[in-house]
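K.L.:
See protein_1.txt below, with compact mmCIF, N, CA and C atoms.
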```txt
# COMPACT_ATOMS: atom_id res chain seq x y z
N MET A 1255 23.42 -1.16 2.13
CA MET A 1255 22.76 0.00 2.67
C MET A 1255 23.15 0.17 4.13
N LYS A 1256 23.39 1.40 4.52
CA LYS A 1256 23.73 1.65 5.92
C LYS A 1256 22.46 1.57 6.77
N GLU A 1257 22.66 1.33 8.03
CA GLU A 1257 21.53 1.24 8.95
C GLU A 1257 20.88 2.61 9.12
N LEU A 1258 19.57 2.63 9.23
CA LEU A 1258 18.85 3.89 9.38
C LEU A 1258 19.13 4.49 10.75
N ASP A 1259 19.37 5.79 10.77
CA ASP A 1259 19.56 6.48 12.04
C ASP A 1259 18.30 7.28 12.37
N ALA A 1260 18.35 8.03 13.47
CA ALA A 1260 17.18 8.78 13.93
C ALA A 1260 16.71 9.80 12.91
N LYS A 1261 17.64 10.47 12.23
CA LYS A 1261 17.26 11.47 11.20
C LYS A 1261 16.55 10.80 10.03
N ASP A 1262 17.04 9.63 9.61
CA ASP A 1262 16.39 8.89 8.53
C ASP A 1262 14.97 8.51 8.94
N ARG A 1263 14.81 8.04 10.17
CA ARG A 1263 13.48 7.67 10.64
C ARG A 1263 12.57 8.89 10.74
N ASP A 1264 13.14 10.03 11.13
CA ASP A 1264 12.35 11.28 11.16
C ASP A 1264 11.88 11.63 9.75
N ILE A 1265 12.78 11.53 8.79
CA ILE A 1265 12.42 11.82 7.39
C ILE A 1265 11.29 10.90 6.95
N LEU A 1266 11.43 9.62 7.21
CA LEU A 1266 10.40 8.65 6.80
C LEU A 1266 9.07 8.93 7.48
N GLY A 1267 9.10 9.27 8.75
CA GLY A 1267 7.87 9.58 9.47
C GLY A 1267 7.15 10.77 8.86
N ILE A 1268 7.89 11.80 8.51
CA ILE A 1268 7.28 12.99 7.92
C ILE A 1268 6.78 12.69 6.51
N LEU A 1269 7.60 12.03 5.69
CA LEU A 1269 7.19 11.74 4.31
C LEU A 1269 6.01 10.78 4.25
N THR A 1270 5.86 9.93 5.24
CA THR A 1270 4.72 9.03 5.27
C THR A 1270 3.42 9.81 5.36
N LYS A 1271 3.44 10.90 6.09
CA LYS A 1271 2.23 11.71 6.28
C LYS A 1271 2.13 12.86 5.28
N GLU A 1272 3.29 13.35 4.81
CA GLU A 1272 3.31 14.53 3.94
C GLU A 1272 4.29 14.30 2.79
N ALA A 1273 3.93 13.44 1.86
CA ALA A 1273 4.83 13.08 0.78
C ALA A 1273 5.21 14.25 -0.12
N ARG A 1274 4.40 15.29 -0.13
CA ARG A 1274 4.66 16.43 -1.02
C ARG A 1274 5.31 17.60 -0.30
N ILE A 1275 5.79 17.39 0.90
CA ILE A 1275 6.42 18.47 1.66
C ILE A 1275 7.64 19.00 0.89
N PRO A 1276 7.79 20.30 0.78
CA PRO A 1276 8.99 20.85 0.12
C PRO A 1276 10.26 20.45 0.89
N MET A 1277 11.33 20.21 0.16
CA MET A 1277 12.58 19.78 0.78
C MET A 1277 13.05 20.79 1.83
N LYS A 1278 12.87 22.08 1.56
CA LYS A 1278 13.28 23.12 2.51
C LYS A 1278 12.52 22.97 3.83
N ALA A 1279 11.22 22.72 3.76
CA ALA A 1279 10.42 22.54 4.97
C ALA A 1279 10.79 21.25 5.69
N LEU A 1280 11.05 20.19 4.93
CA LEU A 1280 11.47 18.92 5.54
C LEU A 1280 12.79 19.12 6.29
N ALA A 1281 13.73 19.80 5.64
CA ALA A 1281 15.03 20.05 6.26
C ALA A 1281 14.88 20.83 7.56
N ALA A 1282 14.04 21.84 7.55
CA ALA A 1282 13.82 22.64 8.76
C ALA A 1282 13.23 21.80 9.88
N ARG A 1283 12.32 20.91 9.54
CA ARG A 1283 11.66 20.09 10.56
C ARG A 1283 12.61 19.09 11.21
N ILE A 1284 13.59 18.60 10.46
CA ILE A 1284 14.50 17.59 11.04
C ILE A 1284 15.82 18.20 11.51
N GLY A 1285 15.99 19.49 11.24
CA GLY A 1285 17.18 20.17 11.75
C GLY A 1285 18.45 19.95 10.95
N LEU A 1286 18.32 19.71 9.64
CA LEU A 1286 19.48 19.56 8.77
C LEU A 1286 19.40 20.59 7.65
N SER A 1287 20.48 20.77 6.94
CA SER A 1287 20.46 21.66 5.78
C SER A 1287 19.65 21.02 4.66
N ARG A 1288 19.23 21.86 3.70
CA ARG A 1288 18.45 21.32 2.59
C ARG A 1288 19.29 20.34 1.78
N SER A 1289 20.56 20.63 1.57
CA SER A 1289 21.40 19.71 0.78
C SER A 1289 21.61 18.38 1.50
N ALA A 1290 21.81 18.41 2.81
CA ALA A 1290 21.98 17.16 3.57
C ALA A 1290 20.69 16.35 3.56
N THR A 1291 19.56 17.03 3.68
CA THR A 1291 18.26 16.35 3.65
C THR A 1291 18.01 15.74 2.28
N THR A 1292 18.30 16.50 1.22
CA THR A 1292 18.12 16.01 -0.14
C THR A 1292 18.98 14.77 -0.37
N GLU A 1293 20.20 14.79 0.12
CA GLU A 1293 21.10 13.65 -0.01
C GLU A 1293 20.55 12.43 0.72
N ARG A 1294 20.04 12.63 1.92
CA ARG A 1294 19.47 11.51 2.69
C ARG A 1294 18.25 10.92 1.99
N VAL A 1295 17.37 11.79 1.50
CA VAL A 1295 16.17 11.30 0.79
C VAL A 1295 16.58 10.52 -0.45
N ALA A 1296 17.55 11.03 -1.19
CA ALA A 1296 18.04 10.33 -2.39
C ALA A 1296 18.60 8.96 -2.03
N MET A 1297 19.33 8.87 -0.91
CA MET A 1297 19.89 7.59 -0.46
C MET A 1297 18.76 6.63 -0.08
N LEU A 1298 17.74 7.14 0.59
CA LEU A 1298 16.60 6.29 0.97
C LEU A 1298 15.85 5.80 -0.27
N GLU A 1299 15.76 6.63 -1.29
CA GLU A 1299 15.12 6.22 -2.54
C GLU A 1299 15.98 5.18 -3.26
N LYS A 1300 17.26 5.45 -3.38
CA LYS A 1300 18.17 4.55 -4.10
C LYS A 1300 18.25 3.17 -3.45
N SER A 1301 18.21 3.14 -2.12
CA SER A 1301 18.31 1.85 -1.42
C SER A 1301 17.00 1.09 -1.38
N GLY A 1302 15.92 1.73 -1.84
CA GLY A 1302 14.63 1.04 -1.88
C GLY A 1302 13.80 1.20 -0.62
N VAL A 1303 14.30 1.94 0.36
CA VAL A 1303 13.49 2.18 1.56
C VAL A 1303 12.27 3.02 1.18
N ILE A 1304 12.50 4.07 0.39
CA ILE A 1304 11.40 4.84 -0.19
C ILE A 1304 11.19 4.29 -1.59
N ARG A 1305 10.03 3.65 -1.80
CA ARG A 1305 9.76 3.01 -3.08
C ARG A 1305 8.92 3.87 -4.00
N GLY A 1306 8.41 4.98 -3.49
CA GLY A 1306 7.60 5.85 -4.34
C GLY A 1306 6.78 6.79 -3.50
N TYR A 1307 6.12 7.67 -4.18
CA TYR A 1307 5.24 8.66 -3.56
C TYR A 1307 3.89 8.50 -4.21
N ARG A 1308 2.83 8.65 -3.44
CA ARG A 1308 1.50 8.45 -4.01
C ARG A 1308 0.48 9.32 -3.31
N ALA A 1309 -0.63 9.48 -3.96
CA ALA A 1309 -1.76 10.15 -3.33
C ALA A 1309 -2.58 9.09 -2.61
N ASP A 1310 -2.92 9.32 -1.38
CA ASP A 1310 -3.73 8.39 -0.59
C ASP A 1310 -5.15 8.93 -0.60
N ILE A 1311 -5.96 8.41 -1.50
CA ILE A 1311 -7.31 8.91 -1.71
C ILE A 1311 -8.26 8.19 -0.77
N GLY A 1312 -9.00 8.96 0.01
CA GLY A 1312 -10.00 8.39 0.91
C GLY A 1312 -11.22 7.93 0.15
N GLN A 1313 -12.13 7.32 0.84
CA GLN A 1313 -13.35 6.85 0.20
C GLN A 1313 -14.16 8.04 -0.25
N MET A 1314 -14.35 8.16 -1.55
CA MET A 1314 -15.04 9.31 -2.11
C MET A 1314 -16.53 9.05 -2.25
N ASP A 1315 -16.89 7.82 -2.41
CA ASP A 1315 -18.29 7.48 -2.68
C ASP A 1315 -18.74 6.43 -1.67
N ARG A 1316 -19.68 6.78 -0.86
CA ARG A 1316 -20.17 5.84 0.16
C ARG A 1316 -20.84 4.63 -0.45
N GLY A 1317 -21.12 4.66 -1.75
CA GLY A 1317 -21.75 3.54 -2.42
C GLY A 1317 -20.77 2.43 -2.79
N LEU A 1318 -19.50 2.62 -2.48
CA LEU A 1318 -18.50 1.61 -2.83
C LEU A 1318 -18.60 0.39 -1.93
N VAL A 1319 -18.26 -0.75 -2.48
CA VAL A 1319 -18.17 -1.99 -1.72
C VAL A 1319 -16.71 -2.22 -1.40
N SER A 1320 -16.39 -2.36 -0.11
CA SER A 1320 -15.03 -2.65 0.32
C SER A 1320 -14.93 -4.13 0.66
N ALA A 1321 -13.79 -4.71 0.31
CA ALA A 1321 -13.59 -6.13 0.59
C ALA A 1321 -12.11 -6.43 0.76
N PHE A 1322 -11.85 -7.54 1.44
CA PHE A 1322 -10.49 -8.07 1.57
C PHE A 1322 -10.46 -9.38 0.80
N LEU A 1323 -9.45 -9.53 -0.05
CA LEU A 1323 -9.24 -10.78 -0.74
C LEU A 1323 -8.04 -11.46 -0.08
N MET A 1324 -8.26 -12.62 0.49
CA MET A 1324 -7.23 -13.36 1.18
C MET A 1324 -6.66 -14.38 0.19
N VAL A 1325 -5.41 -14.18 -0.20
CA VAL A 1325 -4.82 -14.94 -1.30
C VAL A 1325 -3.73 -15.88 -0.79
N THR A 1326 -3.84 -17.14 -1.21
CA THR A 1326 -2.78 -18.13 -0.99
C THR A 1326 -2.16 -18.40 -2.35
N LEU A 1327 -0.84 -18.29 -2.41
CA LEU A 1327 -0.12 -18.47 -3.67
C LEU A 1327 0.44 -19.88 -3.78
N VAL A 1328 0.69 -20.30 -5.00
CA VAL A 1328 1.32 -21.59 -5.25
C VAL A 1328 2.73 -21.56 -4.67
N SER A 1329 3.46 -20.47 -4.91
CA SER A 1329 4.78 -20.27 -4.33
C SER A 1329 5.03 -18.77 -4.22
N THR A 1330 5.91 -18.41 -3.30
CA THR A 1330 6.22 -16.99 -3.10
C THR A 1330 7.69 -16.76 -3.40
N PRO A 1331 8.08 -15.58 -3.78
CA PRO A 1331 7.20 -14.47 -4.13
C PRO A 1331 6.61 -14.67 -5.52
N SER A 1332 5.54 -13.96 -5.82
CA SER A 1332 4.92 -14.05 -7.13
C SER A 1332 4.73 -12.65 -7.69
N MET A 1333 5.75 -12.16 -8.34
CA MET A 1333 5.69 -10.82 -8.90
C MET A 1333 4.61 -10.70 -9.96
N GLY A 1334 4.30 -11.79 -10.63
CA GLY A 1334 3.24 -11.75 -11.65
C GLY A 1334 1.90 -11.38 -11.06
N VAL A 1335 1.58 -11.92 -9.90
CA VAL A 1335 0.32 -11.58 -9.23
C VAL A 1335 0.34 -10.12 -8.80
N LEU A 1336 1.46 -9.67 -8.24
CA LEU A 1336 1.56 -8.27 -7.81
C LEU A 1336 1.45 -7.33 -9.00
N ASP A 1337 2.07 -7.69 -10.12
CA ASP A 1337 1.95 -6.87 -11.32
C ASP A 1337 0.50 -6.81 -11.80
N GLN A 1338 -0.19 -7.94 -11.74
CA GLN A 1338 -1.59 -7.97 -12.16
C GLN A 1338 -2.44 -7.10 -11.23
N LEU A 1339 -2.24 -7.22 -9.93
CA LEU A 1339 -3.01 -6.44 -8.97
C LEU A 1339 -2.78 -4.94 -9.16
N ALA A 1340 -1.56 -4.56 -9.48
CA ALA A 1340 -1.22 -3.14 -9.66
C ALA A 1340 -1.97 -2.52 -10.84
N ARG A 1341 -2.43 -3.33 -11.76
CA ARG A 1341 -3.13 -2.81 -12.94
C ARG A 1341 -4.55 -2.35 -12.64
N TYR A 1342 -5.10 -2.73 -11.50
CA TYR A 1342 -6.51 -2.42 -11.20
C TYR A 1342 -6.62 -1.29 -10.20
N SER A 1343 -7.28 -0.23 -10.59
CA SER A 1343 -7.42 0.94 -9.71
C SER A 1343 -8.26 0.62 -8.48
N GLU A 1344 -9.06 -0.41 -8.53
CA GLU A 1344 -9.88 -0.77 -7.37
C GLU A 1344 -9.05 -1.38 -6.24
N VAL A 1345 -7.85 -1.85 -6.56
CA VAL A 1345 -6.97 -2.42 -5.53
C VAL A 1345 -6.36 -1.26 -4.76
N ARG A 1346 -6.69 -1.16 -3.48
CA ARG A 1346 -6.23 -0.05 -2.64
C ARG A 1346 -4.94 -0.36 -1.88
N ARG A 1347 -4.78 -1.62 -1.49
CA ARG A 1347 -3.61 -1.98 -0.69
C ARG A 1347 -3.38 -3.48 -0.85
N VAL A 1348 -2.09 -3.86 -0.94
CA VAL A 1348 -1.72 -5.27 -0.97
C VAL A 1348 -0.64 -5.47 0.09
N SER A 1349 -0.88 -6.42 0.98
CA SER A 1349 0.07 -6.69 2.06
C SER A 1349 0.51 -8.15 1.99
N SER A 1350 1.82 -8.38 2.02
CA SER A 1350 2.35 -9.74 2.17
C SER A 1350 2.34 -10.05 3.65
N VAL A 1351 1.84 -11.23 4.01
CA VAL A 1351 1.67 -11.57 5.42
C VAL A 1351 2.27 -12.95 5.72
N THR A 1352 2.48 -13.19 7.01
CA THR A 1352 2.94 -14.50 7.44
C THR A 1352 1.75 -15.39 7.74
N GLY A 1353 1.98 -16.67 7.88
CA GLY A 1353 0.91 -17.60 8.22
C GLY A 1353 0.45 -18.36 7.00
N GLN A 1354 -0.78 -18.85 7.05
CA GLN A 1354 -1.31 -19.68 5.97
C GLN A 1354 -1.59 -18.89 4.70
N LEU A 1355 -1.89 -17.60 4.85
CA LEU A 1355 -2.13 -16.74 3.69
C LEU A 1355 -0.81 -16.15 3.21
N ASP A 1356 -0.82 -15.65 1.98
CA ASP A 1356 0.36 -14.97 1.45
C ASP A 1356 0.11 -13.48 1.24
N LEU A 1357 -1.08 -13.14 0.77
CA LEU A 1357 -1.40 -11.74 0.49
C LEU A 1357 -2.78 -11.39 1.03
N ILE A 1358 -2.91 -10.16 1.52
CA ILE A 1358 -4.23 -9.61 1.84
C ILE A 1358 -4.38 -8.41 0.92
N VAL A 1359 -5.41 -8.46 0.08
CA VAL A 1359 -5.65 -7.43 -0.92
C VAL A 1359 -6.92 -6.68 -0.53
N GLU A 1360 -6.77 -5.37 -0.31
CA GLU A 1360 -7.93 -4.55 0.03
C GLU A 1360 -8.42 -3.88 -1.25
N VAL A 1361 -9.71 -4.04 -1.54
CA VAL A 1361 -10.29 -3.47 -2.75
C VAL A 1361 -11.52 -2.63 -2.41
N GLU A 1362 -11.80 -1.66 -3.28
CA GLU A 1362 -13.04 -0.89 -3.23
C GLU A 1362 -13.60 -0.87 -4.64
N VAL A 1363 -14.79 -1.38 -4.79
CA VAL A 1363 -15.42 -1.52 -6.11
C VAL A 1363 -16.81 -0.90 -6.10
N PRO A 1364 -17.33 -0.54 -7.26
CA PRO A 1364 -18.64 0.11 -7.30
C PRO A 1364 -19.82 -0.82 -7.08
N SER A 1365 -19.59 -2.14 -7.22
CA SER A 1365 -20.71 -3.07 -7.10
C SER A 1365 -20.22 -4.47 -6.77
N ILE A 1366 -21.15 -5.30 -6.33
CA ILE A 1366 -20.84 -6.71 -6.07
C ILE A 1366 -20.46 -7.40 -7.38
N ASP A 1367 -21.12 -7.04 -8.48
CA ASP A 1367 -20.77 -7.63 -9.77
C ASP A 1367 -19.31 -7.35 -10.12
N ARG A 1368 -18.85 -6.10 -9.90
CA ARG A 1368 -17.46 -5.78 -10.19
C ARG A 1368 -16.52 -6.52 -9.25
N LEU A 1369 -16.93 -6.68 -7.99
CA LEU A 1369 -16.14 -7.46 -7.04
C LEU A 1369 -15.98 -8.89 -7.54
N ASN A 1370 -17.07 -9.49 -8.00
CA ASN A 1370 -17.00 -10.86 -8.51
C ASN A 1370 -16.10 -10.96 -9.74
N THR A 1371 -16.18 -9.97 -10.64
CA THR A 1371 -15.34 -9.98 -11.83
C THR A 1371 -13.87 -9.88 -11.45
N LEU A 1372 -13.55 -8.92 -10.58
CA LEU A 1372 -12.17 -8.73 -10.15
C LEU A 1372 -11.66 -9.97 -9.42
N ARG A 1373 -12.49 -10.52 -8.57
CA ARG A 1373 -12.13 -11.73 -7.83
C ARG A 1373 -11.83 -12.88 -8.79
N ASP A 1374 -12.67 -13.06 -9.80
CA ASP A 1374 -12.46 -14.14 -10.77
C ASP A 1374 -11.17 -13.95 -11.56
N ILE A 1375 -10.86 -12.71 -11.92
CA ILE A 1375 -9.63 -12.43 -12.66
C ILE A 1375 -8.41 -12.84 -11.82
N ILE A 1376 -8.43 -12.45 -10.56
CA ILE A 1376 -7.30 -12.75 -9.67
C ILE A 1376 -7.22 -14.24 -9.38
N ALA A 1377 -8.36 -14.86 -9.11
CA ALA A 1377 -8.39 -16.29 -8.74
C ALA A 1377 -7.89 -17.19 -9.86
N THR A 1378 -8.03 -16.76 -11.10
CA THR A 1378 -7.61 -17.60 -12.22
C THR A 1378 -6.15 -17.39 -12.62
N HIS A 1379 -5.45 -16.50 -11.93
CA HIS A 1379 -4.02 -16.32 -12.22
C HIS A 1379 -3.30 -17.62 -11.86
N GLN A 1380 -2.34 -18.01 -12.69
CA GLN A 1380 -1.67 -19.31 -12.51
C GLN A 1380 -0.94 -19.44 -11.18
N SER A 1381 -0.57 -18.32 -10.54
CA SER A 1381 0.17 -18.38 -9.27
C SER A 1381 -0.74 -18.41 -8.05
N VAL A 1382 -2.05 -18.27 -8.25
CA VAL A 1382 -2.99 -18.24 -7.13
C VAL A 1382 -3.53 -19.63 -6.87
N GLN A 1383 -3.30 -20.10 -5.64
CA GLN A 1383 -3.79 -21.43 -5.25
C GLN A 1383 -5.21 -21.34 -4.70
N ASP A 1384 -5.47 -20.29 -3.87
CA ASP A 1384 -6.78 -20.16 -3.23
C ASP A 1384 -7.06 -18.69 -2.99
N LEU A 1385 -8.33 -18.32 -3.01
CA LEU A 1385 -8.72 -16.94 -2.76
C LEU A 1385 -10.04 -16.95 -1.98
N THR A 1386 -10.05 -16.24 -0.87
CA THR A 1386 -11.26 -16.09 -0.06
C THR A 1386 -11.61 -14.61 -0.01
N THR A 1387 -12.89 -14.29 -0.14
CA THR A 1387 -13.34 -12.91 -0.14
C THR A 1387 -14.09 -12.59 1.14
N LEU A 1388 -13.71 -11.47 1.77
CA LEU A 1388 -14.39 -10.99 2.96
C LEU A 1388 -14.92 -9.59 2.65
N ILE A 1389 -16.23 -9.41 2.67
CA ILE A 1389 -16.82 -8.10 2.40
C ILE A 1389 -16.93 -7.33 3.70
N VAL A 1390 -16.50 -6.07 3.66
CA VAL A 1390 -16.55 -5.20 4.84
C VAL A 1390 -17.97 -4.69 5.02
N LEU A 1391 -18.56 -4.97 6.18
CA LEU A 1391 -19.90 -4.49 6.48
C LEU A 1391 -19.87 -3.04 6.95
N ARG A 1392 -18.89 -2.73 7.79
CA ARG A 1392 -18.69 -1.36 8.26
C ARG A 1392 -17.30 -1.28 8.87
N ARG A 1393 -16.79 -0.07 8.98
CA ARG A 1393 -15.50 0.18 9.63
C ARG A 1393 -15.79 0.76 11.00
N ASP A 1394 -15.53 -0.03 12.03
CA ASP A 1394 -15.84 0.40 13.39
C ASP A 1394 -14.79 1.36 13.93
N ILE A 1395 -13.53 1.14 13.59
CA ILE A 1395 -12.44 2.02 14.00
C ILE A 1395 -11.56 2.19 12.77
N GLU A 1396 -11.25 3.43 12.46
CA GLU A 1396 -10.35 3.70 11.34
C GLU A 1396 -9.46 4.86 11.73
N ARG A 1397 -8.19 4.56 11.87
CA ARG A 1397 -7.19 5.59 12.21
C ARG A 1397 -6.45 5.95 10.97
N LEU A 1398 -6.34 7.22 10.68
CA LEU A 1398 -5.65 7.67 9.48
C LEU A 1398 -4.18 7.84 9.70
N GLU A 1399 -3.72 7.91 10.92
CA GLU A 1399 -2.29 8.07 11.20
C GLU A 1399 -1.80 6.99 12.12
```
Output the file's structure as structure tokens, nothing else.

P.N.:
Amino acid sequence: MKELDAKDRDILGILTKEARIPMKALAARIGLSRSATTERVAMLEKSGVIRGYRADIGQMDRGLVSAFLMVTLVSTPSMGVLDQLARYSEVRRVSSVTGQLDLIVEVEVPSIDRLNTLRDIIATHQSVQDLTTLIVLRRDIERLE
């Protein structure tokens, strides 16, 4: 893959905030033709820089319980754990991190009982060595961009 240039970074910045932007509008914003922009986006997709497009749904129900699951794996990477996590709609974000932990999993569930069930399912996966749960009491600062 070639190194990303300023136009590629501009495309990524816009698509991060507006994944459904029409190609014509994207091209106009970055100052390239629609065909050149389409080609660049296709290259970013093919090289894996753009891995997909998704809807980023905000918290719809204030009754939800938010938590972070801090996961230590037996060995990394563990695609099996990531595949399992992807199956649950309550999993909002999974981040691979450095340090003693391997994954930070952000979840939103309707109840503490569901949190315990989901936690138990993940903790018993053969690749999971340890799992610690942190329940969010409140979000003091939340930046959307």

K.L.:
Could you check the closest approach to Gly1306 in chain A for each of A:Val1359, A:Glu1257, A:Ile1284, A:Ala1273 and tell me which residue wins, using only N, CA and C atoms?

P.N.:
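Of all the options, A:Ala1273 lies closest to Gly1306 in chain A.
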
K.L.:
Extract, using only C-alpha atoms, all DNA, RNA and protein residues at most 12 Å from Ala1260 in chain A, discarding same-chain residues fewer than 4 positions from it, and format them as a list in words.

P.N.:
Asp1264, Ile1265, Leu1266, Gly1267, Ile1284, Gly1285 and Arg1294 of chain A

K.L.:
So, counting only C-alpha atoms, which residue among A:Tyr1307, A:Thr1387, A:Arg1346, A:Leu1323 is closest to Ile1358 in chain A?

P.N.:
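The closest residue to Ile1358 in chain A is A:Leu1323.
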
K.L.:
Enter the distance from atom C of Leu1385 in chain A to atom N of Arg1341 in chain A, in Å, rounded to one decimal.

P.N.:
18.4 Å

K.L.:
Could you please write out, as a JSON list (two decimals) with N, CA and C atoms, in the frame of the given file, every residue of range 1365-1394 of chain A that DSSP assigns to helix (DSSP H, G or I)?

P.N.:
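Saved result, states_10.json, follows:
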```json
[["chain", "number", "residue", "atom", "x", "y", "z"],
["A", 1366, "ILE", "N", -21.15, -5.30, -6.33],
["A", 1366, "ILE", "CA", -20.84, -6.71, -6.07],
["A", 1366, "ILE", "C", -20.46, -7.40, -7.38],
["A", 1367, "ASP", "N", -21.12, -7.04, -8.48],
["A", 1367, "ASP", "CA", -20.77, -7.63, -9.77],
["A", 1367, "ASP", "C", -19.31, -7.35, -10.12],
["A", 1368, "ARG", "N", -18.85, -6.10, -9.90],
["A", 1368, "ARG", "CA", -17.46, -5.78, -10.19],
["A", 1368, "ARG", "C", -16.52, -6.52, -9.25],
["A", 1369, "LEU", "N", -16.93, -6.68, -7.99],
["A", 1369, "LEU", "CA", -16.14, -7.46, -7.04],
["A", 1369, "LEU", "C", -15.98, -8.89, -7.54],
["A", 1370, "ASN", "N", -17.07, -9.49, -8.00],
["A", 1370, "ASN", "CA", -17.00, -10.86, -8.51],
["A", 1370, "ASN", "C", -16.10, -10.96, -9.74],
["A", 1371, "THR", "N", -16.18, -9.97, -10.64],
["A", 1371, "THR", "CA", -15.34, -9.98, -11.83],
["A", 1371, "THR", "C", -13.87, -9.88, -11.45],
["A", 1372, "LEU", "N", -13.55, -8.92, -10.58],
["A", 1372, "LEU", "CA", -12.17, -8.73, -10.15],
["A", 1372, "LEU", "C", -11.66, -9.97, -9.42],
["A", 1373, "ARG", "N", -12.49, -10.52, -8.57],
["A", 1373, "ARG", "CA", -12.13, -11.73, -7.83],
["A", 1373, "ARG", "C", -11.83, -12.88, -8.79],
["A", 1374, "ASP", "N", -12.67, -13.06, -9.80],
["A", 1374, "ASP", "CA", -12.46, -14.14, -10.77],
["A", 1374, "ASP", "C", -11.17, -13.95, -11.56],
["A", 1375, "ILE", "N", -10.86, -12.71, -11.92],
["A", 1375, "ILE", "CA", -9.63, -12.43, -12.66],
["A", 1375, "ILE", "C", -8.41, -12.84, -11.82],
["A", 1376, "ILE", "N", -8.43, -12.45, -10.56],
["A", 1376, "ILE", "CA", -7.30, -12.75, -9.67],
["A", 1376, "ILE", "C", -7.22, -14.24, -9.38],
["A", 1377, "ALA", "N", -8.36, -14.86, -9.11],
["A", 1377, "ALA", "CA", -8.39, -16.29, -8.74],
["A", 1377, "ALA", "C", -7.89, -17.19, -9.86]]
```

K.L.:
Quick one, how far is CA of Arg1368 in chain A from atom C of Gln1338 in chain A?

P.N.:
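According to the coordinates, CA of Arg1368 in chain A and atom C of Gln1338 in chain A are separated by 15.1 Å.
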
K.L.:
Report the distance between atom N of Val1361 in chain A and CA of Ala1321 in chain A in Å, rounded to one decimal place.

P.N.:
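So the two atoms, atom N of Val1361 in chain A and CA of Ala1321 in chain A, lie 4.9 Å apart.
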
K.L.:
Write down as JSON, numbers by chain the residues belonging to chain A that are assigned strand (DSSP E) by DSSP computed on the backbone.

P.N.:
{"A": [1319, 1320, 1321, 1322, 1323, 1324, 1325, 1326, 1327, 1345, 1346, 1347, 1348, 1349, 1350, 1357, 1358, 1359, 1360, 1361, 1362, 1363, 1382, 1383, 1384, 1385, 1386, 1387, 1388, 1389]}
